[in-house]
$ cat work.csv   # CSV, C-alpha atoms
chain,number,residue,atom,x,y,z
A,2,MET,CA,8.6,-9.7,19.4
A,3,ALA,CA,10.8,-10.6,22.3
A,4,ALA,CA,12.8,-12.9,20.0
A,5,LEU,CA,13.2,-10.1,17.5
A,6,THR,CA,14.3,-7.6,20.2
A,7,THR,CA,16.9,-10.2,21.5
A,8,ALA,CA,18.3,-10.8,18.0
A,9,ALA,CA,18.7,-7.0,17.5
A,10,GLY,CA,20.5,-6.7,20.8
A,11,ASP,CA,22.8,-9.6,20.1
A,12,ALA,CA,23.6,-8.2,16.7
A,13,ALA,CA,24.3,-4.7,18.1
A,14,GLY,CA,26.9,-6.1,20.5
A,15,ALA,CA,28.5,-8.1,17.7
A,16,ALA,CA,28.6,-5.1,15.5
A,17,ARG,CA,30.5,-3.1,18.2
A,18,SER,CA,32.9,-6.0,18.7
A,19,VAL,CA,33.7,-6.4,15.0
A,20,ALA,CA,34.1,-2.7,14.4
A,21,SER,CA,36.6,-2.4,17.3
A,22,ALA,CA,38.6,-5.4,16.2
A,23,GLY,CA,38.6,-4.7,12.5
A,24,SER,CA,39.3,-1.0,12.2
A,25,GLY,CA,41.1,-0.1,15.4
A,26,ARG,CA,40.9,3.3,17.1
A,27,VAL,CA,40.2,5.3,14.0
A,28,GLY,CA,37.5,2.9,12.9
A,29,ALA,CA,35.9,3.0,16.3
A,30,VAL,CA,35.8,6.8,16.2
A,31,GLU,CA,34.3,6.7,12.7
A,32,SER,CA,31.8,4.1,13.7
A,33,ALA,CA,30.7,6.2,16.7
A,34,ALA,CA,30.3,9.2,14.3
A,35,ALA,CA,28.3,7.1,11.9
A,36,ARG,CA,26.0,5.9,14.7
A,37,ASP,CA,25.6,9.5,15.9
A,38,ARG,CA,24.6,10.7,12.4
A,39,GLY,CA,22.3,7.8,11.9
A,40,GLY,CA,20.7,8.3,15.4
A,41,THR,CA,20.1,12.0,14.6
A,42,ARG,CA,18.4,11.2,11.3
A,43,THR,CA,16.3,8.6,12.9
A,44,ALA,CA,15.3,11.0,15.7
A,45,VAL,CA,14.3,13.6,13.1
A,46,ARG,CA,12.2,11.1,11.2
A,47,ILE,CA,10.4,9.9,14.3
A,48,ALA,CA,9.7,13.5,15.5
A,49,ALA,CA,8.4,14.5,12.0
A,50,GLY,CA,6.2,11.4,11.7
A,51,VAL,CA,4.8,11.8,15.2
A,52,THR,CA,4.1,15.4,14.6
A,53,VAL,CA,2.2,14.7,11.4
A,54,VAL,CA,0.1,11.9,13.0
A,55,ALA,CA,-0.7,14.1,16.0
A,56,GLY,CA,-1.6,17.0,13.7
A,57,THR,CA,-3.9,14.7,11.7
A,58,ALA,CA,-5.6,13.4,14.9
A,59,ILE,CA,-6.1,16.9,16.1
A,60,VAL,CA,-7.9,17.9,12.9
A,61,VAL,CA,-10.1,14.8,12.4
A,62,GLY,CA,-10.1,13.2,15.9
A,63,VAL,CA,-9.2,9.6,16.8
A,64,GLY,CA,-12.5,8.3,15.6
A,65,PRO,CA,-11.4,7.7,11.9
A,66,PHE,CA,-8.3,5.9,13.1
A,67,LEU,CA,-10.5,3.5,15.2
A,68,GLN,CA,-12.9,3.1,12.4
A,69,GLY,CA,-10.1,2.1,10.0
A,70,ILE,CA,-8.9,-0.5,12.4
A,71,ALA,CA,-12.4,-1.9,13.1
A,72,ALA,CA,-13.1,-2.1,9.4
A,73,VAL,CA,-10.4,-4.8,8.8
A,74,SER,CA,-12.1,-8.1,8.1
A,75,PRO,CA,-10.9,-11.7,7.3
A,76,LEU,CA,-11.8,-11.2,3.7
A,77,SER,CA,-9.8,-8.0,3.4
A,78,ILE,CA,-6.8,-9.6,5.2
A,79,LEU,CA,-6.9,-12.5,2.7
A,80,ALA,CA,-6.9,-10.0,-0.2
A,81,ALA,CA,-4.1,-8.1,1.4
A,82,PHE,CA,-1.9,-11.2,1.7
A,83,GLY,CA,-2.4,-11.9,-2.0
A,84,LEU,CA,-1.8,-8.4,-3.2
A,85,ILE,CA,1.3,-7.9,-1.1
A,86,ALA,CA,2.7,-11.2,-2.2
A,87,VAL,CA,2.3,-10.0,-5.8
A,88,ALA,CA,3.9,-6.7,-5.0
A,89,THR,CA,6.8,-8.4,-3.2
A,90,ALA,CA,7.4,-10.8,-6.0
A,91,ALA,CA,7.5,-8.0,-8.5
A,92,ALA,CA,9.8,-5.9,-6.3
A,93,ALA,CA,12.1,-8.8,-5.8
A,94,TRP,CA,12.3,-9.4,-9.5
A,95,ARG,CA,13.2,-5.7,-10.0
A,96,TRP,CA,15.9,-6.0,-7.4
A,97,ARG,CA,17.4,-9.1,-9.1
A,98,VAL,CA,17.5,-7.3,-12.5
A,99,VAL,CA,19.3,-4.3,-11.0
A,100,ALA,CA,21.7,-6.4,-8.8
A,101,THR,CA,22.6,-8.6,-11.8
A,102,GLY,CA,23.4,-5.4,-13.8
A,103,PHE,CA,25.9,-4.5,-11.0
A,104,GLY,CA,27.5,-7.9,-11.3
A,105,LEU,CA,26.0,-9.3,-8.1
A,106,ASP,CA,24.3,-12.7,-8.1
A,107,LEU,CA,21.0,-12.8,-6.3
A,108,PRO,CA,19.0,-16.1,-6.3
A,109,TRP,CA,15.2,-15.7,-6.6
A,110,ARG,CA,14.4,-17.4,-3.3
A,111,GLU,CA,16.9,-15.1,-1.4
A,112,ALA,CA,15.5,-12.0,-3.1
A,113,PHE,CA,11.9,-12.9,-2.3
A,114,GLY,CA,12.6,-13.6,1.3
A,115,ALA,CA,14.8,-10.7,1.8
A,116,TYR,CA,12.3,-8.3,0.3
A,117,TYR,CA,9.6,-9.6,2.6
A,118,ARG,CA,11.9,-9.1,5.6
A,119,SER,CA,12.8,-5.6,4.5
A,120,GLN,CA,9.1,-4.6,4.1
A,121,PHE,CA,8.4,-5.9,7.6
A,122,LEU,CA,11.3,-3.9,9.1
A,123,ASN,CA,10.2,-0.8,7.2
A,124,ALA,CA,6.7,-1.2,8.6
A,125,VAL,CA,7.7,-1.7,12.3
A,126,LEU,CA,10.7,0.6,12.6
A,127,PRO,CA,10.8,4.4,12.2
A,128,GLY,CA,11.9,6.0,9.0
A,129,GLY,CA,10.7,3.5,6.5
A,130,VAL,CA,14.2,2.7,5.1
A,131,VAL,CA,15.8,0.6,7.8
A,132,GLY,CA,14.7,-2.6,6.1
A,133,ASP,CA,16.3,-1.5,2.8
A,134,VAL,CA,19.6,-0.7,4.5
A,135,HIS,CA,19.5,-4.1,6.2
A,136,ARG,CA,18.7,-5.8,2.9
A,137,ALA,CA,21.7,-4.1,1.2
A,138,TYR,CA,24.0,-5.0,4.1
A,139,VAL,CA,23.1,-8.6,4.3
A,140,HIS,CA,23.3,-9.0,0.5
A,141,GLY,CA,26.6,-7.2,0.3
A,142,SER,CA,28.2,-8.9,3.3
A,143,ALA,CA,27.5,-12.4,1.9
A,144,ARG,CA,29.4,-11.4,-1.3
A,145,ASP,CA,32.1,-9.2,0.2
A,146,SER,CA,30.7,-6.2,-1.7
A,147,ILE,CA,28.7,-4.0,0.6
A,148,GLY,CA,29.2,-0.9,-1.5
A,149,LEU,CA,27.8,-2.4,-4.7
A,150,ALA,CA,25.0,-4.0,-2.9
A,151,ALA,CA,24.0,-0.7,-1.3
A,152,ARG,CA,24.1,1.0,-4.7
A,153,ALA,CA,22.0,-1.8,-6.2
A,154,VAL,CA,19.3,-1.4,-3.5
A,155,ALA,CA,19.4,2.4,-3.8
A,156,ALA,CA,19.1,2.2,-7.6
A,157,GLU,CA,16.3,-0.4,-7.3
A,158,ARG,CA,14.3,1.9,-5.0
A,159,VAL,CA,15.0,5.0,-7.1
A,160,PHE,CA,13.8,3.2,-10.2
A,161,GLY,CA,10.6,2.2,-8.4
A,162,GLN,CA,10.0,5.7,-7.1
A,163,VAL,CA,10.5,7.3,-10.5
A,164,VAL,CA,8.0,4.9,-12.2
A,165,GLN,CA,5.6,5.6,-9.3
A,166,PHE,CA,6.0,9.4,-9.7
A,167,VAL,CA,5.4,9.2,-13.5
A,168,LEU,CA,2.3,7.0,-13.0
A,169,THR,CA,1.0,9.4,-10.4
A,170,LEU,CA,1.4,12.3,-12.8
A,171,ALA,CA,-0.2,10.3,-15.6
A,172,VAL,CA,-3.3,9.7,-13.4
A,173,VAL,CA,-3.6,13.0,-11.6
A,174,LEU,CA,-2.7,15.6,-14.3
A,175,PRO,CA,-5.5,14.5,-16.8
A,176,LEU,CA,-8.1,15.3,-14.1
A,177,GLY,CA,-7.6,19.0,-15.0
A,178,PHE,CA,-7.1,22.1,-13.0
A,179,GLY,CA,-10.9,22.6,-12.8
A,180,SER,CA,-11.6,19.3,-11.0
A,181,SER,CA,-12.2,18.9,-7.2
A,182,LEU,CA,-8.6,17.7,-6.9
A,183,ALA,CA,-7.3,20.9,-8.6
A,184,PRO,CA,-4.9,21.7,-5.7
A,185,VAL,CA,-3.4,18.2,-6.0
A,186,VAL,CA,-3.1,18.7,-9.8
A,187,TRP,CA,-1.3,22.0,-9.2
A,188,GLY,CA,0.9,20.4,-6.6
A,189,ALA,CA,1.8,17.6,-9.0
A,190,GLY,CA,2.6,20.1,-11.7
A,191,VAL,CA,4.8,22.2,-9.4
A,192,VAL,CA,6.7,19.1,-8.3
A,193,ALA,CA,7.2,18.0,-11.9
A,194,VAL,CA,8.6,21.4,-12.8
A,195,ALA,CA,10.8,21.5,-9.7
A,196,VAL,CA,12.3,18.1,-10.6
A,197,VAL,CA,13.1,19.3,-14.1
A,198,LEU,CA,14.6,22.5,-12.8
A,199,ALA,CA,16.6,20.7,-10.2
A,200,VAL,CA,18.1,18.4,-12.8
A,201,ALA,CA,18.9,21.3,-15.1
A,202,VAL,CA,20.6,23.2,-12.3
A,203,ALA,CA,22.6,20.2,-11.3
A,204,MET,CA,23.8,19.7,-14.8
A,205,SER,CA,25.0,23.3,-14.9
A,206,VAL,CA,27.2,22.8,-11.8
A,207,PRO,CA,30.5,21.1,-12.6
A,208,ARG,CA,30.7,19.1,-9.3
A,209,ALA,CA,27.1,18.0,-9.5
A,210,ARG,CA,27.5,17.1,-13.2
A,211,ARG,CA,30.5,14.9,-12.3
A,212,VAL,CA,28.5,13.1,-9.6
A,213,LEU,CA,25.5,12.5,-12.0
A,214,ARG,CA,27.9,11.2,-14.7
A,215,ARG,CA,29.6,8.9,-12.2
A,216,GLU,CA,26.2,7.5,-11.1
A,217,TYR,CA,25.2,7.1,-14.7
A,218,ARG,CA,28.4,5.1,-15.4
A,219,MET,CA,27.5,2.9,-12.4
A,220,LEU,CA,24.0,2.4,-13.8
A,221,ARG,CA,25.0,2.0,-17.4
A,222,PRO,CA,25.3,-1.9,-17.2
A,223,VAL,CA,21.6,-1.9,-16.2
A,224,LEU,CA,20.3,0.9,-18.5
A,225,ALA,CA,22.2,-0.4,-21.5
A,226,ARG,CA,20.1,-3.6,-21.6
A,227,PRO,CA,16.7,-3.0,-23.1
A,228,LEU,CA,15.2,-6.1,-21.6
A,229,ALA,CA,16.4,-5.1,-18.1
A,230,VAL,CA,14.8,-1.7,-18.5
A,231,VAL,CA,11.5,-3.3,-19.6
A,232,ALA,CA,11.6,-5.7,-16.7
A,233,ILE,CA,12.2,-2.8,-14.2
A,234,LEU,CA,9.2,-0.9,-15.7
A,235,LEU,CA,6.9,-3.9,-15.7
A,236,ALA,CA,7.9,-4.9,-12.2
A,237,SER,CA,7.4,-1.3,-10.9
A,238,ILE,CA,4.0,-1.0,-12.5
A,239,ALA,CA,3.0,-4.3,-10.9
A,240,VAL,CA,4.1,-3.0,-7.5
A,241,VAL,CA,2.2,0.2,-7.8
A,242,ALA,CA,-0.9,-1.6,-9.2
A,243,ALA,CA,-0.9,-4.0,-6.3
A,244,HIS,CA,-0.7,-1.3,-3.6
A,245,VAL,CA,-3.4,0.9,-5.4
A,246,THR,CA,-5.7,-2.2,-5.4
A,247,LEU,CA,-5.0,-2.7,-1.7
A,248,PHE,CA,-6.0,0.9,-1.0
A,249,VAL,CA,-9.2,0.3,-2.9
A,250,VAL,CA,-9.8,-2.8,-0.8
A,251,ALA,CA,-9.3,-0.7,2.3
A,252,GLY,CA,-11.8,1.9,1.0
A,253,LEU,CA,-14.4,-0.8,0.4
A,254,ALA,CA,-13.8,-2.3,3.8
A,255,VAL,CA,-14.4,1.0,5.5
A,256,GLY,CA,-17.6,1.3,3.5
A,257,LEU,CA,-17.0,4.2,1.2
A,258,ASP,CA,-19.8,5.0,-1.1
A,259,ALA,CA,-17.6,5.5,-4.2
A,260,ALA,CA,-16.7,3.6,-7.3
A,261,PRO,CA,-13.4,1.7,-7.0
A,262,VAL,CA,-12.1,3.5,-10.0
A,263,GLY,CA,-12.8,6.8,-8.4
A,264,LEU,CA,-10.4,5.9,-5.5
A,265,VAL,CA,-7.4,5.4,-7.8
A,266,PRO,CA,-6.3,9.1,-8.0
A,267,ALA,CA,-6.5,9.5,-4.2
A,268,ALA,CA,-4.6,6.2,-3.8
A,269,MET,CA,-1.8,7.4,-6.1
A,270,VAL,CA,-1.5,10.6,-4.1
A,271,VAL,CA,-1.5,8.7,-0.8
A,272,LEU,CA,1.2,6.2,-2.0
A,273,ALA,CA,3.4,9.1,-3.2
A,274,ALA,CA,3.1,10.7,0.3
A,275,SER,CA,3.9,7.4,2.0
A,276,ALA,CA,7.2,7.2,0.2
A,277,LEU,CA,8.5,10.1,2.3
A,278,PRO,CA,11.0,8.8,4.9
A,279,ILE,CA,9.5,10.8,7.7
A,280,ASN,CA,7.1,8.3,9.3
A,281,VAL,CA,6.8,6.0,12.3
A,282,GLY,CA,6.2,2.5,11.0
A,283,GLY,CA,4.6,3.9,7.9
A,284,TRP,CA,2.3,6.2,9.8
A,285,GLY,CA,2.4,10.0,9.2
A,286,PRO,CA,2.3,11.6,5.8
A,287,ARG,CA,0.2,8.8,4.4
A,288,GLU,CA,-2.8,9.6,6.7
A,289,ALA,CA,-2.4,13.4,6.3
A,290,ALA,CA,-2.3,13.1,2.5
A,291,ALA,CA,-5.4,10.8,2.5
A,292,GLY,CA,-7.3,13.2,4.6
A,293,ALA,CA,-6.4,16.1,2.4
A,294,ALA,CA,-7.2,14.3,-0.8
A,295,PHE,CA,-10.5,13.0,0.3
A,296,ALA,CA,-11.5,16.4,1.7
A,297,LEU,CA,-10.6,18.1,-1.6
A,298,ALA,CA,-12.7,15.5,-3.5
A,299,GLY,CA,-15.7,16.2,-1.2
A,300,ALA,CA,-15.7,12.8,0.5
A,301,GLY,CA,-14.5,14.1,3.9
A,302,ALA,CA,-11.1,14.0,5.6
A,303,ALA,CA,-12.4,11.5,8.1
A,304,ASP,CA,-13.1,8.9,5.4
A,305,GLY,CA,-9.7,9.5,4.0
A,306,VAL,CA,-8.0,8.9,7.3
A,307,ALA,CA,-10.1,5.8,8.0
A,308,THR,CA,-9.3,4.4,4.6
A,309,SER,CA,-5.6,5.1,5.0
A,310,THR,CA,-5.6,3.5,8.5
A,311,ALA,CA,-7.3,0.4,7.2
A,312,PHE,CA,-4.7,0.3,4.4
A,313,GLY,CA,-1.8,0.6,6.9
A,314,VAL,CA,-3.2,-2.2,9.1
A,315,LEU,CA,-3.8,-4.5,6.2
A,316,ALA,CA,-0.3,-3.8,4.8
A,317,LEU,CA,1.3,-4.4,8.2
A,318,ILE,CA,-0.5,-7.8,8.6
A,319,ALA,CA,0.4,-8.8,5.0
A,320,VAL,CA,4.1,-8.3,5.5
A,321,ALA,CA,4.1,-10.6,8.5
A,322,PRO,CA,5.9,-13.3,6.5
A,323,GLY,CA,8.9,-11.0,6.8
A,324,ALA,CA,9.0,-11.6,10.5
A,325,VAL,CA,9.1,-15.3,9.8
A,326,VAL,CA,12.1,-14.8,7.5
A,327,LEU,CA,13.8,-12.7,10.2
A,328,LEU,CA,13.3,-15.3,12.9
A,329,ALA,CA,14.2,-18.2,10.6
A,330,GLY,CA,17.5,-16.5,9.9
A,331,ARG,CA,18.1,-16.1,13.7
A,332,ARG,CA,17.5,-19.8,14.2
A,333,ARG,CA,19.9,-20.7,11.4
A,334,ARG,CA,22.6,-18.6,13.1
A,335,ARG,CA,22.0,-20.2,16.4
A,336,ALA,CA,22.3,-23.7,14.8
A,337,HIS,CA,25.5,-22.7,13.1
A,338,ALA,CA,26.9,-21.3,16.4
A,339,ALA,CA,26.0,-24.6,18.1
A,340,VAL,CA,27.8,-26.7,15.5
A,341,ALA,CA,30.9,-24.5,15.3
A,342,PRO,CA,31.2,-22.7,18.6
A,343,SER,CA,34.9,-22.1,18.2
A,344,ASP,CA,34.4,-20.0,15.1
A,345,ALA,CA,33.8,-16.8,17.1
A,346,PRO,CA,34.7,-14.3,14.3
A,347,ALA,CA,32.3,-15.9,11.8
A,348,THR,CA,29.5,-16.1,14.4
A,349,ALA,CA,30.0,-12.4,15.2
A,350,THR,CA,30.0,-11.5,11.6
A,351,SER,CA,26.8,-13.4,11.0
A,352,LEU,CA,25.2,-11.6,13.9
A,353,VAL,CA,26.2,-8.2,12.4
A,354,ARG,CA,24.6,-9.2,9.1
A,355,SER,CA,21.3,-9.8,11.0
A,356,SER,CA,21.0,-6.4,12.6
A,357,PRO,CA,18.7,-3.8,11.0
A,358,VAL,CA,19.5,-1.3,13.7
A,359,HIS,CA,23.3,-1.2,13.0
A,360,ALA,CA,23.3,-2.0,9.2
A,361,GLU,CA,23.2,1.7,8.3
A,362,SER,CA,26.1,2.6,10.5
A,363,ALA,CA,28.0,-0.4,9.2
A,364,ILE,CA,27.6,0.9,5.6
A,365,LEU,CA,28.7,4.3,6.7
A,366,ARG,CA,31.7,2.7,8.4
A,367,ALA,CA,32.6,0.9,5.2
A,368,GLN,CA,32.4,4.1,3.3
A,369,ALA,CA,34.7,5.8,5.7
A,370,THR,CA,37.2,2.9,5.4
A,371,SER,CA,37.1,3.2,1.6
A,372,GLU,CA,37.8,6.9,1.7
A,373,ARG,CA,40.7,6.3,4.1
A,374,SER,CA,42.2,3.7,1.8
A,375,LYS,CA,41.9,6.0,-1.3
A,376,THR,CA,43.8,8.8,0.6
A,377,GLY,CA,46.5,6.5,1.8
A,378,GLY,CA,45.2,6.2,5.3
A,379,GLY,CA,45.1,3.3,7.7
A,380,GLY,CA,43.8,-0.1,6.8
A,381,GLY,CA,40.3,-1.5,7.4
A,382,VAL,CA,38.1,-4.4,6.7
A,383,ARG,CA,37.6,-5.0,3.0
A,384,THR,CA,34.0,-4.3,2.2
A,385,GLY,CA,33.8,-4.4,-1.6
A,386,ALA,CA,34.8,-6.3,-4.6
A,387,PRO,CA,36.3,-4.9,-7.8
A,388,HIS,CA,33.7,-3.9,-10.4
A,389,ALA,CA,34.6,-3.4,-14.0
A,390,GLY,CA,31.6,-1.4,-14.8
A,391,ALA,CA,32.5,1.6,-12.6
A,392,GLY,CA,33.9,3.4,-15.5
A,393,GLY,CA,36.9,5.0,-13.8
A,394,GLY,CA,35.0,5.6,-10.5
A,395,PRO,CA,35.5,3.7,-7.2
A,396,ARG,CA,36.3,0.1,-7.8
A,397,GLY,CA,33.6,-1.3,-5.5
A,398,ARG,CA,35.4,-0.8,-2.2
A,399,GLY,CA,33.5,0.7,0.6
A,400,GLY,CA,29.8,1.3,1.3
A,401,HIS,CA,27.6,4.1,0.1
A,402,ASP,CA,24.9,5.7,2.3
A,403,GLU,CA,22.3,6.3,-0.4

$ encode --input "work.csv" --output "C-alpha cells"
Amino acid sequence: MAALTTAAGDAAGAARSVASAGSGRVGAVESAAARDRGGTRTAVRIAAGVTVVAGTAIVVGVGPFLQGIAAVSPLSILAAFGLIAVATAAAAWRWRVVATGFGLDLPWREAFGAYYRSQFLNAVLPGGVVGDVHRAYVHGSARDSIGLAARAVAAERVFGQVVQFVLTLAVVLPLGFGSSLAPVVWGAGVVAVAVVLAVAVAMSVPRARRVLRREYRMLRPVLARPLAVVAILLASIAVVAAHVTLFVVAGLAVGLDAAPVGLVPAAMVVLAASALPINVGGWGPREAAAGAAFALAGAGAADGVATSTAFGVLALIAVAPGAVVLLAGRRRRRAHAAVAPSDAPATATSLVRSSPVHAESAILRAQATSERSKTGGGGGVRTGAPHAGAGGGPRGRGGHDE
C-alpha cells in the first residue's frame, strides 16, 4: 500500500509539471479548474456513499457486516478468483472490440492487465470510476489519442450497463406485480418507462438530438459490424453471469437457507445498484439494495447485508491481481528512468500515465485544450489523433469527460 501511495504521489507531481510546461498560464488555470471540478464530484460521491453505508448500519446494525466478513472462506475465495478472472477476460474482450471499432489497437495482454488494474482501483478508490478513467488515459496516452480512448472506454462501459439493465428487467419483470418483490418490479418498470421517455424527450430537443446523432456517428464503426455487436452482447452477458454467480457463492458462504436460483433476482438488483457511482470502494448502494431486496423477499434485511458484504470482500480479494499490475508498471517505469535518466520529459509523461488520481483532470485538461484550438485559442499539447469515423464531428483531438 505504501508503494501504491508513493506512485500516486510521484505521478501527481509529474502531472502538475507537465501541465505547467505544456499548456502555459491558460493551461494551468484550466488544469486547476478541472481538478476543482473533479475534487467536488469525488467529495459528493464519498459523502453519498458514506451516508448510505451509515444509514444501512443504523437500520440493521454492524452485526451483518461482521457476519459477511467472517463468512469468507478459502473455498469461496478460490471460487471468487475464478469467477472474477472470467468476468475480467470477458470485459477485456468487450473493450478490445469497441476500441478496434474506434480505430485504436489494443493487444489482448494489455487489455486484460489494464482491466484488472482498473477494477482494483475502482474497488479501493471512491466513486467507482477512477480505474476506468485511468484505463482510458493510459491507453490513449500510449497512442496519442486520449479523446478516442476515453470515448472507447465510456462506450464499452455504457454497452455493458445497457446489457445488464436489459437482463435485470428480463429477470425481475416476469416475477409479476403480485410477488414478494413487487416493489422491485414496479421500480424496474418505472425506470424502464423513464428511460424511454428520456430518450423521446431528448430526440425532441434539437440540441440534444444533435448530440445523440454525433455520438451515434462515433459509435457507427462499432454498431455497423454485426459480429462486433454479437461479441459485445456475449461478453456483457458473461460479465453479468460471473458476478451473479459470485453473489450466489457469497450467499451460500453466509449460510442462507435458499436455493441458488432463488438468489438470482436479488443478485441482479444488487448488481444494478452497485453500478451507481456514489460509493466508497464499492460500498454503499450495494448493501442498501441487498438489504431492501432480501427484506421484501421475506429473508430479512440482515441476511441481505451480510451476503452483500461477503460479496464485496470476495470481489475485493479477487481483483488483487490488479494491484500486481499497477506495481509492475511502477517497477518498469523506475527501470526505464534508471536506464535513461537524462530523458526527463519522457519520464514525467510516463509517471502521469500511471496516476489514477490525476487522470480525470488530465482528460478534462485535454478537452479544454481541444476546445481552445477549435476556437482559434492558444496552443496546447496534442492529445488526439485524426479519426476518419467521426462523421463531421471532432477529429479526435482532445479528451472527453464521459

$ closest_residue --input "work.csv" --among "A:Ala259, A:Leu247, A:Leu79, A:Val202" --to "Ala316 of chain A" --atoms "all atoms listed in the file"
A:Leu247

$ closest_residue --input "work.csv" --among "A:Phe312, A:Thr246, A:Ala193, A:Phe295" --to "Leu174 of chain A" --atoms "all atoms listed in the file"
A:Ala193

$ closest_residue --input "work.csv" --among "A:Ala90, A:Gly102, A:Leu122, A:Val60" --to "Leu327 of chain A" --atoms "all atoms listed in the file"
A:Leu122

$ atom_distance --input "work.csv" --atom1 "atom CA of Val206 of chain A" --atom2 "atom CA of Arg218 of chain A"
18.1 Å

$ closest_residue --input "work.csv" --among "A:Val230, A:Leu176, A:Ala143, A:Ala201" --to "Val98 of chain A" --atoms "all atoms listed in the file"
A:Val230

$ closest_residue --input "work.csv" --among "A:Ala232, A:Val191, A:Ala49, A:Val306" --to "Phe248 of chain A" --atoms "all atoms listed in the file"
A:Val306

$ closest_atom_pairs --input "work.csv" --of "segment 193-247 of chain A" --to "segment 154-160 of chain A" --cutoff "12 Å" --atoms "all atoms listed in the file" --output "JSON lines"
{"residue": "A:Glu216", "atom": "CA", "partner": "A:Ala156", "partner_atom": "CA", "distance": 9.5}
{"residue": "A:Tyr217", "atom": "CA", "partner": "A:Ala156", "partner_atom": "CA", "distance": 10.6}
{"residue": "A:Met219", "atom": "CA", "partner": "A:Ala156", "partner_atom": "CA", "distance": 9.7}
{"residue": "A:Leu220", "atom": "CA", "partner": "A:Ala156", "partner_atom": "CA", "distance": 7.9}
{"residue": "A:Arg221", "atom": "CA", "partner": "A:Ala156", "partner_atom": "CA", "distance": 11.4}
{"residue": "A:Val223", "atom": "CA", "partner": "A:Ala156", "partner_atom": "CA", "distance": 9.8}
{"residue": "A:Leu224", "atom": "CA", "partner": "A:Phe160", "partner_atom": "CA", "distance": 10.8}
{"residue": "A:Ala229", "atom": "CA", "partner": "A:Phe160", "partner_atom": "CA", "distance": 11.7}
{"residue": "A:Val230", "atom": "CA", "partner": "A:Phe160", "partner_atom": "CA", "distance": 9.7}
{"residue": "A:Val231", "atom": "CA", "partner": "A:Phe160", "partner_atom": "CA", "distance": 11.7}
{"residue": "A:Ala232", "atom": "CA", "partner": "A:Phe160", "partner_atom": "CA", "distance": 11.2}
{"residue": "A:Ile233", "atom": "CA", "partner": "A:Phe160", "partner_atom": "CA", "distance": 7.4}
{"residue": "A:Leu234", "atom": "CA", "partner": "A:Phe160", "partner_atom": "CA", "distance": 8.3}
{"residue": "A:Leu235", "atom": "CA", "partner": "A:Phe160", "partner_atom": "CA", "distance": 11.3}
{"residue": "A:Ala236", "atom": "CA", "partner": "A:Phe160", "partner_atom": "CA", "distance": 10.2}
{"residue": "A:Ser237", "atom": "CA", "partner": "A:Phe160", "partner_atom": "CA", "distance": 7.9}
{"residue": "A:Ile238", "atom": "CA", "partner": "A:Phe160", "partner_atom": "CA", "distance": 10.9}
{"residue": "A:Val240", "atom": "CA", "partner": "A:Arg158", "partner_atom": "CA", "distance": 11.6}

$ closest_residue --input "work.csv" --among "A:Val139, A:Leu315, A:Ala242, A:Arg95" --to "Ser74 of chain A" --atoms "only C-alpha atoms"
A:Leu315

$ atom_distance --input "work.csv" --atom1 "atom CA of Gly313 of chain A" --atom2 "atom CA of Gly283 of chain A"
7.3 Å

$ residues_near_point --input "work.csv" --point "(-2.8, 17.7, 11.0)" --cutoff "10 Å" --atoms "only C-alpha atoms" --output "ChimeraX atom specification"
/A:52-62,285-286,288-290,292-293

$ atom_distance --input "work.csv" --atom1 "atom CA of Asp133 of chain A" --atom2 "atom CA of Ala268 of chain A"
23.2 Å
